[in-house]
file start-v1.tsv (TSV, C-alpha atoms)
chain	number	residue	atom	x	y	z
A	1	MET	CA	-17.94	-11.78	-6.37
A	2	SER	CA	-20.65	-10.14	-4.28
A	3	GLU	CA	-20.81	-6.39	-3.86
A	4	TYR	CA	-19.33	-4.89	-0.70
A	5	GLN	CA	-19.46	-1.32	0.60
A	6	TYR	CA	-18.30	0.06	3.94
A	7	TYR	CA	-19.21	3.43	5.46
A	8	GLU	CA	-17.66	4.79	8.63
A	9	PHE	CA	-18.03	8.23	10.21
A	10	GLN	CA	-16.29	9.46	13.37
A	11	ALA	CA	-17.02	12.47	15.57
A	12	ILE	CA	-13.76	13.72	17.06
A	13	ASP	CA	-14.12	17.26	18.32
A	14	ARG	CA	-17.38	16.61	20.16
A	15	SER	CA	-19.77	13.79	21.06
A	16	LEU	CA	-23.10	13.34	19.34
A	17	THR	CA	-26.17	14.20	21.37
A	18	PRO	CA	-28.92	11.62	22.01
A	19	ALA	CA	-31.16	13.54	19.61
A	20	GLU	CA	-28.52	13.42	16.86
A	21	MET	CA	-27.99	9.70	17.44
A	22	ALA	CA	-31.74	9.18	17.06
A	23	GLU	CA	-31.68	11.13	13.79
A	24	LEU	CA	-28.89	8.91	12.51
A	25	ARG	CA	-30.71	5.75	13.56
A	26	ARG	CA	-33.53	6.70	11.21
A	27	LEU	CA	-31.01	6.49	8.35
A	28	SER	CA	-30.12	2.88	9.13
A	29	SER	CA	-31.57	0.25	11.44
A	30	ARG	CA	-28.45	-1.94	11.15
A	31	ALA	CA	-25.63	0.57	11.60
A	32	THR	CA	-23.39	0.63	14.65
A	33	ILE	CA	-24.06	4.01	16.24
A	34	THR	CA	-22.37	5.48	19.32
A	35	SER	CA	-21.77	9.00	20.53
A	36	ARG	CA	-18.62	9.05	18.37
A	37	LEU	CA	-19.28	6.58	15.56
A	38	PHE	CA	-21.57	5.59	12.71
A	39	ALA	CA	-20.50	2.47	10.80
A	40	ASN	CA	-22.26	0.08	8.48
A	41	GLU	CA	-21.45	-2.36	5.69
A	42	TYR	CA	-23.56	-3.39	2.73
A	43	HIS	CA	-23.40	-6.61	0.73
A	44	PHE	CA	-26.33	-5.54	-1.41
A	45	GLY	CA	-28.25	-2.30	-1.75
A	46	ASP	CA	-26.80	1.06	-0.77
A	47	PHE	CA	-26.62	3.56	2.07
A	48	GLY	CA	-29.74	5.70	2.25
A	49	GLY	CA	-28.10	8.71	3.90
A	50	ASN	CA	-26.26	11.66	2.40
A	51	ALA	CA	-22.58	11.44	3.33
A	52	ARG	CA	-21.91	15.11	2.57
A	53	GLU	CA	-24.76	16.24	4.78
A	54	MET	CA	-23.63	13.94	7.59
A	55	MET	CA	-20.12	15.40	7.41
A	56	ALA	CA	-21.52	18.92	7.45
A	57	ARG	CA	-23.77	18.30	10.45
A	58	TYR	CA	-22.27	15.60	12.66
A	59	PHE	CA	-18.87	14.15	11.88
A	60	ASP	CA	-15.21	15.09	11.52
A	61	ALA	CA	-13.94	12.12	9.50
A	62	HIS	CA	-15.45	9.63	7.07
A	63	VAL	CA	-14.14	6.72	5.01
A	64	TYR	CA	-15.86	4.85	2.20
A	65	LEU	CA	-14.57	1.53	0.86
A	66	SER	CA	-15.89	-0.79	-1.82
A	67	ASN	CA	-14.75	-3.95	-3.54
A	68	PHE	CA	-15.26	-2.44	-6.98
A	69	GLY	CA	-12.42	0.06	-6.94
A	70	CYS	CA	-13.99	3.12	-5.32
A	71	ARG	CA	-12.76	4.59	-2.07
A	72	ALA	CA	-12.75	7.99	-0.38
A	73	VAL	CA	-11.72	9.62	2.87
A	74	HIS	CA	-12.95	12.96	4.23
A	75	PHE	CA	-11.74	15.23	7.04
A	76	ARG	CA	-13.67	18.15	8.53
A	77	LEU	CA	-11.83	20.94	10.33
A	78	PRO	CA	-12.90	24.31	11.76
A	79	LYS	CA	-12.43	27.16	9.33
A	80	SER	CA	-10.52	28.98	12.03
A	81	ALA	CA	-7.92	26.19	11.98
A	82	MET	CA	-7.26	26.29	8.24
A	83	ASP	CA	-5.74	28.69	5.75
A	84	LEU	CA	-8.05	28.20	2.78
A	85	ARG	CA	-5.73	30.09	0.42
A	86	ALA	CA	-2.97	27.57	1.08
A	87	LEU	CA	-5.30	24.66	0.26
A	88	LEU	CA	-6.81	25.89	-2.98
A	89	PRO	CA	-3.80	25.13	-5.28
A	90	PHE	CA	-4.30	21.41	-4.53
A	91	ARG	CA	-7.98	21.31	-5.44
A	92	LEU	CA	-8.74	18.91	-8.28
A	93	GLU	CA	-12.26	17.91	-9.28
A	94	ASN	CA	-13.20	14.33	-8.32
A	95	VAL	CA	-9.79	13.85	-6.71
A	96	VAL	CA	-9.19	16.51	-4.04
A	97	GLU	CA	-12.27	18.51	-3.14
A	98	ILE	CA	-12.64	21.29	-0.58
A	99	ARG	CA	-16.11	22.25	0.58
A	100	GLU	CA	-17.17	24.99	2.97
A	101	THR	CA	-19.94	24.84	5.54
A	102	ASP	CA	-20.89	27.73	7.83
A	103	SER	CA	-18.18	26.81	10.33
A	104	HIS	CA	-15.97	24.15	8.75
A	105	LEU	CA	-13.95	23.07	5.75
A	106	VAL	CA	-14.37	19.50	4.52
A	107	LEU	CA	-11.40	18.04	2.64
A	108	SER	CA	-12.24	15.01	0.51
A	109	PHE	CA	-9.88	12.62	-1.27
A	110	TYR	CA	-11.14	10.14	-3.87
A	111	ASN	CA	-9.77	7.25	-5.88
A	112	MET	CA	-12.18	5.70	-8.35
A	113	GLU	CA	-9.68	4.60	-10.97
A	114	GLU	CA	-8.97	0.98	-10.05
A	115	PRO	CA	-12.00	-1.23	-10.83
A	116	GLY	CA	-11.50	-4.62	-9.26
A	117	ARG	CA	-8.47	-3.44	-7.23
A	118	ASP	CA	-10.22	-4.26	-3.96
A	119	SER	CA	-11.79	-7.64	-3.27
A	120	ASP	CA	-14.20	-9.22	-0.82
A	121	VAL	CA	-11.32	-9.50	1.65
A	122	PHE	CA	-9.31	-6.31	2.30
A	123	ASP	CA	-5.69	-6.30	3.40
A	124	GLU	CA	-6.88	-5.12	6.80
A	125	GLU	CA	-10.13	-4.85	8.70
A	126	PRO	CA	-12.22	-2.03	7.17
A	127	GLY	CA	-12.91	-0.74	10.69
A	128	ASP	CA	-9.19	-0.04	11.17
A	129	VAL	CA	-8.66	2.06	8.04
A	130	LEU	CA	-10.04	5.40	9.22
A	131	SER	CA	-8.64	5.17	12.77
A	132	LYS	CA	-5.11	4.80	11.40
A	133	MET	CA	-5.49	8.01	9.38
A	134	LEU	CA	-7.10	10.22	12.04
A	135	PRO	CA	-3.81	11.90	13.07
A	136	ILE	CA	-3.89	13.53	9.64
A	137	ARG	CA	-6.45	16.06	10.94
A	138	ASP	CA	-4.01	17.38	13.52
A	139	SER	CA	-1.24	17.52	10.92
A	140	LEU	CA	-3.46	19.52	8.58
A	141	ALA	CA	-4.29	22.00	11.33
A	142	SER	CA	-0.56	22.30	12.03
A	143	GLY	CA	0.07	23.37	8.44
A	144	ASP	CA	1.27	20.08	6.95
A	145	LEU	CA	0.19	20.14	3.30
A	146	ARG	CA	1.81	16.86	2.26
A	147	LEU	CA	-1.57	15.13	2.48
A	148	LEU	CA	-3.03	17.50	-0.11
A	149	TYR	CA	-0.05	17.08	-2.43
A	150	LEU	CA	-0.36	13.29	-2.23
A	151	GLY	CA	-4.05	13.60	-3.04
A	152	TRP	CA	-3.22	15.79	-6.05
A	153	LEU	CA	-0.57	13.25	-7.08
A	154	ALA	CA	-3.28	10.60	-7.31
A	155	GLY	CA	-4.84	12.80	-9.99
A	156	VAL	CA	-1.54	12.77	-11.90
A	157	GLN	CA	-1.36	8.98	-11.67
A	158	ASN	CA	-4.94	8.44	-12.76
A	159	GLY	CA	-4.91	10.81	-15.72
A	160	HIS	CA	-7.00	13.66	-14.31
A	161	LEU	CA	-4.46	16.25	-15.43
A	162	ALA	CA	-3.15	17.16	-18.86
A	163	ASP	CA	0.56	16.76	-19.50
A	164	ASP	CA	1.16	20.53	-19.36
A	165	ASP	CA	-0.72	21.12	-16.07
A	166	LEU	CA	1.63	22.47	-13.41
A	167	GLU	CA	2.00	20.96	-9.98
A	168	PRO	CA	1.02	22.98	-6.88
A	169	PRO	CA	3.70	24.24	-4.46
A	170	VAL	CA	5.69	21.23	-3.24
A	171	PRO	CA	5.59	20.95	0.56
A	172	ALA	CA	8.64	19.96	2.54
A	173	GLY	CA	9.03	16.41	3.77
A	174	LEU	CA	7.60	14.39	0.86
A	175	GLY	CA	10.64	12.17	1.12
A	176	GLN	CA	10.08	11.70	4.86
A	177	LEU	CA	6.55	10.32	5.05
A	178	ASP	CA	5.63	8.96	8.46
A	179	ALA	CA	3.54	5.82	8.98
A	180	VAL	CA	0.25	7.75	8.84
A	181	LEU	CA	1.01	9.46	5.53
A	182	THR	CA	2.37	6.20	4.15
A	183	ASP	CA	-0.96	4.56	5.02
A	184	PHE	CA	-2.73	7.45	3.27
A	185	SER	CA	-0.55	7.02	0.19
A	186	ASP	CA	-1.35	3.31	0.16
A	187	PHE	CA	-5.04	4.13	0.60
A	188	LEU	CA	-4.91	6.11	-2.65
A	189	TRP	CA	-2.93	3.30	-4.35
A	190	LEU	CA	-0.14	5.73	-5.16
A	191	GLU	CA	2.72	4.05	-6.97
A	192	PRO	CA	6.02	4.40	-5.03
A	193	PRO	CA	8.03	5.58	-8.09
A	194	LEU	CA	5.67	8.53	-8.56
A	195	VAL	CA	5.91	9.51	-4.88
A	196	GLN	CA	9.70	9.27	-4.99
A	197	VAL	CA	9.93	11.38	-8.14
A	198	ALA	CA	7.67	14.02	-6.61
A	199	ALA	CA	9.83	14.07	-3.47
A	200	ARG	CA	12.90	15.11	-5.48
A	201	ALA	CA	11.65	18.71	-5.44
A	202	SER	CA	10.71	18.62	-1.75
A	203	ALA	CA	12.86	20.26	0.89
A	204	VAL	CA	13.99	18.27	3.90
A	205	LEU	CA	11.46	18.53	6.71
A	206	ARG	CA	12.94	20.27	9.69
A	207	GLU	CA	10.40	21.67	12.10
A	208	GLU	CA	7.67	22.92	9.79
A	209	TRP	CA	4.86	21.23	11.73
A	210	SER	CA	6.21	21.24	15.30
A	211	ALA	CA	7.79	24.58	15.93
A	212	ALA	CA	10.65	25.19	18.30
A	213	ARG	CA	9.44	26.11	21.76
A	214	LEU	CA	10.92	29.61	21.61
A	215	GLU	CA	9.13	30.39	18.34
A	216	ALA	CA	5.84	29.14	19.75
A	217	ARG	CA	6.30	31.17	22.90
A	218	ALA	CA	6.99	34.29	20.89
A	219	TRP	CA	3.85	33.81	18.83
A	220	VAL	CA	1.67	33.17	21.88
A	221	ALA	CA	3.10	36.26	23.55
A	222	SER	CA	2.10	38.30	20.49
A	223	ARG	CA	-1.59	37.32	20.81
A	224	SER	CA	-3.88	39.76	22.49
A	225	ARG	CA	-5.06	39.12	26.02
A	226	GLU	CA	-8.65	39.02	24.81
A	227	GLU	CA	-7.87	36.33	22.23
A	228	LYS	CA	-6.04	34.14	24.74
A	229	ASP	CA	-8.78	34.60	27.32
A	230	ASP	CA	-11.35	33.57	24.73
A	231	TRP	CA	-9.43	30.36	24.01
A	232	LEU	CA	-9.21	29.49	27.71
A	233	VAL	CA	-12.88	30.20	28.39
A	234	ARG	CA	-13.96	28.06	25.43
A	235	LEU	CA	-11.75	25.25	26.65
A	236	LEU	CA	-13.29	25.45	30.13
A	237	GLU	CA	-16.91	25.84	29.06
A	238	SER	CA	-17.08	23.21	26.34
A	239	ALA	CA	-16.02	19.73	25.47
A	240	ASP	CA	-15.45	20.99	21.93
A	241	GLY	CA	-12.06	19.71	20.80
A	242	SER	CA	-11.72	22.22	17.99
A	243	VAL	CA	-9.98	24.90	20.07
A	244	PRO	CA	-6.52	23.22	19.99
A	245	LEU	CA	-6.92	22.75	16.23
A	246	GLU	CA	-7.77	26.43	15.87
A	247	ILE	CA	-4.71	27.51	17.85
A	248	ARG	CA	-2.36	25.28	15.87
A	249	GLY	CA	-3.97	26.37	12.62
A	250	ARG	CA	-3.56	30.07	13.36
A	251	PHE	CA	0.03	29.53	14.37
A	252	ALA	CA	0.73	27.61	11.14
A	253	THR	CA	-0.87	30.40	9.09
A	254	ALA	CA	1.27	33.00	10.87
A	255	ARG	CA	4.44	31.02	10.19
A	256	ARG	CA	3.53	30.62	6.53
A	257	ALA	CA	2.93	34.37	6.23
A	258	ALA	CA	6.30	35.06	7.86
A	259	ASP	CA	8.09	32.65	5.50
A	260	PRO	CA	6.08	32.40	2.25
A	261	GLU	CA	8.85	30.41	0.55
A	262	MET	CA	8.66	27.63	3.12
A	263	HIS	CA	6.28	25.55	0.97
A	264	ALA	CA	7.22	26.88	-2.44
A	265	GLY	CA	9.67	24.14	-3.38
A	266	GLY	CA	11.74	24.56	-6.54
A	267	ARG	CA	10.67	24.85	-10.16
A	268	ARG	CA	7.12	23.67	-10.63
A	269	ARG	CA	6.96	20.57	-12.82
A	270	THR	CA	4.19	19.48	-15.14
A	271	ALA	CA	2.02	16.42	-14.69
A	272	GLY	CA	3.58	15.00	-17.86
A	273	GLU	CA	7.09	15.40	-16.45
A	274	LEU	CA	6.13	13.64	-13.24
A	275	ARG	CA	4.51	10.75	-15.11
A	276	ALA	CA	7.47	10.35	-17.47
A	277	GLN	CA	10.02	10.47	-14.65
A	278	ALA	CA	7.98	7.97	-12.61
A	279	GLU	CA	7.80	5.59	-15.56
A	280	ALA	CA	11.58	5.87	-16.05
A	281	LEU	CA	12.21	5.22	-12.34
A	282	ALA	CA	9.81	2.27	-12.34
A	283	ALA	CA	11.73	0.83	-15.32
A	284	GLU	CA	15.01	1.27	-13.43
A	285	TRP	CA	13.53	-0.53	-10.43
A	286	ARG	CA	12.25	-3.37	-12.62
A	287	GLU	CA	15.66	-3.78	-14.25
A	288	ALA	CA	17.37	-3.75	-10.85
A	289	GLU	CA	14.90	-6.35	-9.60
A	290	GLU	CA	15.49	-8.51	-12.67
A	291	ARG	CA	19.25	-8.28	-12.08
A	292	ARG	CA	18.76	-9.19	-8.44
A	293	ARG	CA	16.61	-12.18	-9.33
A	294	ALA	CA	19.06	-13.30	-12.03
A	295	ALA	CA	21.96	-13.05	-9.57
A	296	LYS	CA	19.98	-14.95	-6.97
A	297	ALA	CA	19.07	-17.66	-9.51
A	298	ALA	CA	22.70	-17.91	-10.62
A	299	GLU	CA	23.86	-18.27	-7.03
A	300	GLU	CA	21.23	-20.92	-6.31
A	301	GLU	CA	22.29	-22.79	-9.46
A	302	ARG	CA	25.96	-22.58	-8.44
A	303	ARG	CA	25.13	-24.03	-5.02
A	304	ARG	CA	22.99	-26.74	-6.60
A	305	ILE	CA	25.88	-27.75	-8.87
A	306	GLU	CA	28.25	-27.80	-5.90
A	307	ARG	CA	25.88	-30.02	-3.94
A	308	ARG	CA	25.50	-32.28	-6.97
A	309	GLN	CA	29.27	-32.54	-7.40
A	310	ARG	CA	29.74	-33.42	-3.73
A	311	HIS	CA	27.01	-36.05	-4.02
A	312	LEU	CA	28.57	-37.63	-7.13
A	313	ALA	CA	32.03	-37.55	-5.56
A	314	GLY	CA	30.67	-39.66	-2.72
A	315	LEU	CA	29.34	-42.23	-5.21
A	316	LYS	CA	32.44	-42.47	-7.39
A	317	GLY	CA	33.84	-46.01	-7.48
A	318	SER	CA	30.58	-47.69	-6.52
A	319	GLU	CA	29.02	-47.77	-10.00
A	320	GLU	CA	28.72	-51.59	-10.15
A	321	LYS	CA	26.97	-51.64	-6.78
A	322	LEU	CA	24.54	-48.97	-8.01
A	323	TRP	CA	23.73	-50.93	-11.21
A	324	ARG	CA	23.00	-54.04	-9.10
A	325	SER	CA	20.64	-52.01	-6.88
A	326	VAL	CA	18.77	-50.73	-9.96
A	327	THR	CA	18.38	-54.28	-11.28
A	328	LEU	CA	17.15	-55.46	-7.91
A	329	VAL	CA	14.61	-52.73	-7.12
A	330	THR	CA	13.08	-52.75	-10.64
A	331	GLU	CA	12.21	-56.42	-10.33
A	332	ALA	CA	9.32	-55.33	-8.15
A	333	SER	CA	6.39	-53.27	-9.46
A	334	ALA	CA	6.26	-50.77	-6.60
A	335	GLN	CA	6.11	-47.17	-7.79
A	336	SER	CA	8.42	-46.06	-4.96
A	337	SER	CA	11.01	-48.59	-6.20
A	338	TYR	CA	10.80	-47.10	-9.70
A	339	ASP	CA	11.41	-43.62	-8.29
A	340	MET	CA	14.44	-44.88	-6.37
A	341	ALA	CA	15.81	-46.56	-9.50
A	342	LEU	CA	15.36	-43.39	-11.54
A	343	GLU	CA	17.38	-41.31	-9.07
A	344	THR	CA	20.15	-43.90	-9.10
A	345	LEU	CA	20.17	-44.03	-12.92
A	346	LEU	CA	20.51	-40.25	-13.08
A	347	ASP	CA	23.49	-40.50	-10.74
A	348	LEU	CA	25.02	-43.21	-12.94
A	349	ARG	CA	24.50	-41.12	-16.06
A	350	ASP	CA	26.24	-38.09	-14.53
A	351	LEU	CA	29.08	-40.24	-13.22
A	352	ALA	CA	29.51	-41.66	-16.74
A	353	VAL	CA	29.66	-38.16	-18.20
A	354	GLN	CA	32.39	-37.21	-15.73
A	355	SER	CA	34.47	-40.34	-16.44
A	356	GLY	CA	33.87	-40.44	-20.20
A	357	ASP	CA	32.01	-43.80	-20.02
A	358	GLU	CA	28.81	-42.53	-21.64
A	359	ALA	CA	28.76	-45.30	-24.27
A	360	ASP	CA	28.93	-47.98	-21.59
A	361	PHE	CA	26.10	-46.30	-19.70
A	362	ARG	CA	23.88	-46.18	-22.81
A	363	ASN	CA	24.50	-49.88	-23.54
A	364	ARG	CA	23.65	-50.95	-20.01
A	365	LEU	CA	20.58	-48.69	-20.00
A	366	LEU	CA	19.33	-50.31	-23.24
A	367	GLU	CA	19.82	-53.73	-21.66
A	368	LEU	CA	17.81	-52.62	-18.65
A	369	ARG	CA	15.01	-51.23	-20.81
A	370	GLU	CA	14.83	-54.48	-22.74
A	371	ALA	CA	14.74	-56.51	-19.53
A	372	ARG	CA	11.96	-54.34	-18.09
A	373	LYS	CA	10.01	-53.62	-21.29
A	374	ARG	CA	6.83	-55.14	-19.85
A	375	LYS	CA	6.92	-52.67	-16.97
A	376	SER	CA	5.25	-49.84	-18.88
A	377	SER	CA	5.09	-47.52	-15.89
A	378	PHE	CA	8.84	-47.81	-15.36
A	379	ILE	CA	9.61	-47.33	-19.07
A	380	ARG	CA	7.37	-44.27	-19.15
A	381	ARG	CA	9.30	-42.76	-16.23
A	382	LEU	CA	12.58	-43.41	-18.04
A	383	ASP	CA	11.26	-41.63	-21.14
A	384	LEU	CA	10.12	-38.61	-19.12
A	385	LYS	CA	13.60	-38.28	-17.62
A	386	GLY	CA	15.26	-38.59	-21.03
A	387	LEU	CA	16.83	-41.97	-20.17
A	388	LYS	CA	16.47	-43.58	-23.59
call {"tool": "encode", "arguments": {"input": "start-v1.tsv", "output": "structure tokens"}}
result
Amino acid sequence: MSEYQYYEFQAIDRSLTPAEMAELRRLSSRATITSRLFANEYHFGDFGGNAREMMARYFDAHVYLSNFGCRAVHFRLPKSAMDLRALLPFRLENVVEIRETDSHLVLSFYNMEEPGRDSDVFDEEPGDVLSKMLPIRDSLASGDLRLLYLGWLAGVQNGHLADDDLEPPVPAGLGQLDAVLTDFSDFLWLEPPLVQVAARASAVLREEWSAARLEARAWVASRSREEKDDWLVRLLESADGSVPLEIRGRFATARRAADPEMHAGGRRRTAGELRAQAEALAAEWREAEERRRAAKAAEEERRRIERRQRHLAGLKGSEEKLWRSVTLVTEASAQSSYDMALETLLDLRDLAVQSGDEADFRNRLLELREARKRKSSFIRRLDLKGLK
């Protein structure tokens, strides 16, 4: 299996300048580069650029994929849009990393624990992976911390935490993952039993990330005129898309300060508890699946027997005619004739079992074998079917 690596960076809040695009071109002559995108794949060799530096200077999102079990996704947001104190409990080395630049925070999520999990052909086009997860940036700015908890949970699954390490505050809505967060969970190869166990301590998501209009109006009204004017001027003067993120982020921080228990969840569990409960749930699911398969197999067998009984009922009384057909078709040496004769003999055997004439069937079968003993292919077929 040849090596495969895919790098994609996207600029969301602003377009790259021609000068920046020229700088990026010097990093790769083969990459696809636009005012919003840098993408390249490698079947041998490696990327010559520095992904961290590119995120710090140019881009707001980055995904890395490989066919040897390493993958990562990164999101950059303005510092003004994020509450760093709320993020820090989820930080976990080599799993969930948070880096600061002069103006931004870069949140990185890694999974390097599944060698051989990916292959030369991914479940979807690599170029679609990052685009599907981009709405996560807006959710983060709006105060949704489920992404960070899922990232931390990957550390639990992959053994990065000791059994007695405590979980961070459990955000609401872990049991209500939307399509984007489900894609993110799949990206990290999170096992569904572990996610479900973690969600047991998560409150039901009400309106944590999209506040009621009256609450939003009240918060906006509480902002100073100078602050609101600054937001409007920046929106008018610049194509920078970070201003809406900043507004949503500040609002989310204010709501968290007003209700500090909103993300606290219940009793904090240990990594060992989560792993043990996930293993128990996975065992329950396996047992339920085994029962389902056994019930399905039993039902299929019952239907097969019913079909067989209906078939034999239609043949009852025509045994002599069937024996004559077997004698006739086995005179030839055609393989298809042998197959036809075998099916008929099986019917005759089962009819004999039903009527108690098994001894008569065995005698007539021995006579047939003797008469056709030179037809080795036919005799071999009889032996394979247990017609001896």
call {"tool": "closest_residue", "arguments": {"input": "start-v1.tsv", "among": "A:Thr344, A:Ser80, A:Gln5, A:Ser185", "to": "Tyr110 in chain A", "atoms": "all atoms listed in the file"}}
result
A:Ser185
call {"tool": "closest_residue", "arguments": {"input": "start-v1.tsv", "among": "A:Arg14, A:Arg71, A:Lys375, A:Arg91", "to": "Trp189 in chain A", "atoms": "only C-alpha atoms"}}
result
A:Arg71
call {"tool": "atom_distance", "arguments": {"input": "start-v1.tsv", "atom1": "CA of Ala81 in chain A", "atom2": "CA of Leu236 in chain A"}}
result
18.9 Å
call {"tool": "residues_around", "arguments": {"input": "start-v1.tsv", "residues": "Glu167 in chain A", "least_positions_apart": "5", "cutoff": "7 Å", "atoms": "all atoms listed in the file", "output": "list in words"}}
result
Arg268, Arg269, Thr270 and Ala271 of chain A
call {"tool": "residues_around", "arguments": {"input": "start-v1.tsv", "residues": "Leu322 in chain A", "least_positions_apart": "4", "cutoff": "8 Å", "atoms": "only C-alpha atoms", "output": "list in words"}}
result
Ser318, Val326, Thr344 and Leu348 of chain A
call {"tool": "decode", "arguments": {"input": "start-v1.tsv", "residues": "range 317-351 of chain A", "atoms": "C-alpha atoms", "output": "PDB file, in the first residue's frame"}}
result
ATOM      1  CA  GLY A 317     -47.815 -39.356  -4.382  1.00  0.00           C
ATOM      2  CA  SER A 318     -45.527 -38.935  -7.378  1.00  0.00           C
ATOM      3  CA  GLU A 319     -42.532 -40.848  -5.984  1.00  0.00           C
ATOM      4  CA  GLU A 320     -42.505 -43.508  -8.745  1.00  0.00           C
ATOM      5  CA  LYS A 321     -42.543 -40.815 -11.417  1.00  0.00           C
ATOM      6  CA  LEU A 322     -39.615 -39.072  -9.698  1.00  0.00           C
ATOM      7  CA  TRP A 323     -37.565 -42.317  -9.533  1.00  0.00           C
ATOM      8  CA  ARG A 324     -38.158 -42.861 -13.267  1.00  0.00           C
ATOM      9  CA  SER A 325     -36.960 -39.305 -14.006  1.00  0.00           C
ATOM     10  CA  VAL A 326     -33.770 -39.921 -11.989  1.00  0.00           C
ATOM     11  CA  THR A 327     -33.093 -43.143 -13.902  1.00  0.00           C
ATOM     12  CA  LEU A 328     -33.681 -41.373 -17.187  1.00  0.00           C
ATOM     13  CA  VAL A 329     -31.594 -38.233 -16.656  1.00  0.00           C
ATOM     14  CA  THR A 330     -28.599 -40.132 -15.182  1.00  0.00           C
ATOM     15  CA  GLU A 331     -28.278 -42.219 -18.324  1.00  0.00           C
ATOM     16  CA  ALA A 332     -26.658 -39.191 -19.906  1.00  0.00           C
ATOM     17  CA  SER A 333     -23.305 -37.784 -18.770  1.00  0.00           C
ATOM     18  CA  ALA A 334     -24.329 -34.127 -18.700  1.00  0.00           C
ATOM     19  CA  GLN A 335     -23.351 -32.379 -15.481  1.00  0.00           C
ATOM     20  CA  SER A 336     -26.612 -30.405 -15.476  1.00  0.00           C
ATOM     21  CA  SER A 337     -28.514 -33.717 -15.579  1.00  0.00           C
ATOM     22  CA  TYR A 338     -26.584 -34.939 -12.541  1.00  0.00           C
ATOM     23  CA  ASP A 339     -27.498 -31.770 -10.642  1.00  0.00           C
ATOM     24  CA  MET A 340     -31.163 -32.247 -11.538  1.00  0.00           C
ATOM     25  CA  ALA A 341     -31.037 -35.876 -10.386  1.00  0.00           C
ATOM     26  CA  LEU A 342     -29.432 -34.900  -7.079  1.00  0.00           C
ATOM     27  CA  GLU A 343     -32.203 -32.410  -6.276  1.00  0.00           C
ATOM     28  CA  THR A 344     -34.834 -35.016  -7.076  1.00  0.00           C
ATOM     29  CA  LEU A 345     -33.080 -37.642  -4.919  1.00  0.00           C
ATOM     30  CA  LEU A 346     -33.002 -35.228  -1.991  1.00  0.00           C
ATOM     31  CA  ASP A 347     -36.737 -34.715  -2.419  1.00  0.00           C
ATOM     32  CA  LEU A 348     -37.270 -38.481  -2.494  1.00  0.00           C
ATOM     33  CA  ARG A 349     -35.185 -38.945   0.640  1.00  0.00           C
ATOM     34  CA  ASP A 350     -37.196 -36.341   2.572  1.00  0.00           C
ATOM     35  CA  LEU A 351     -40.480 -37.785   1.328  1.00  0.00           C
TER      36      LEU A 351
END
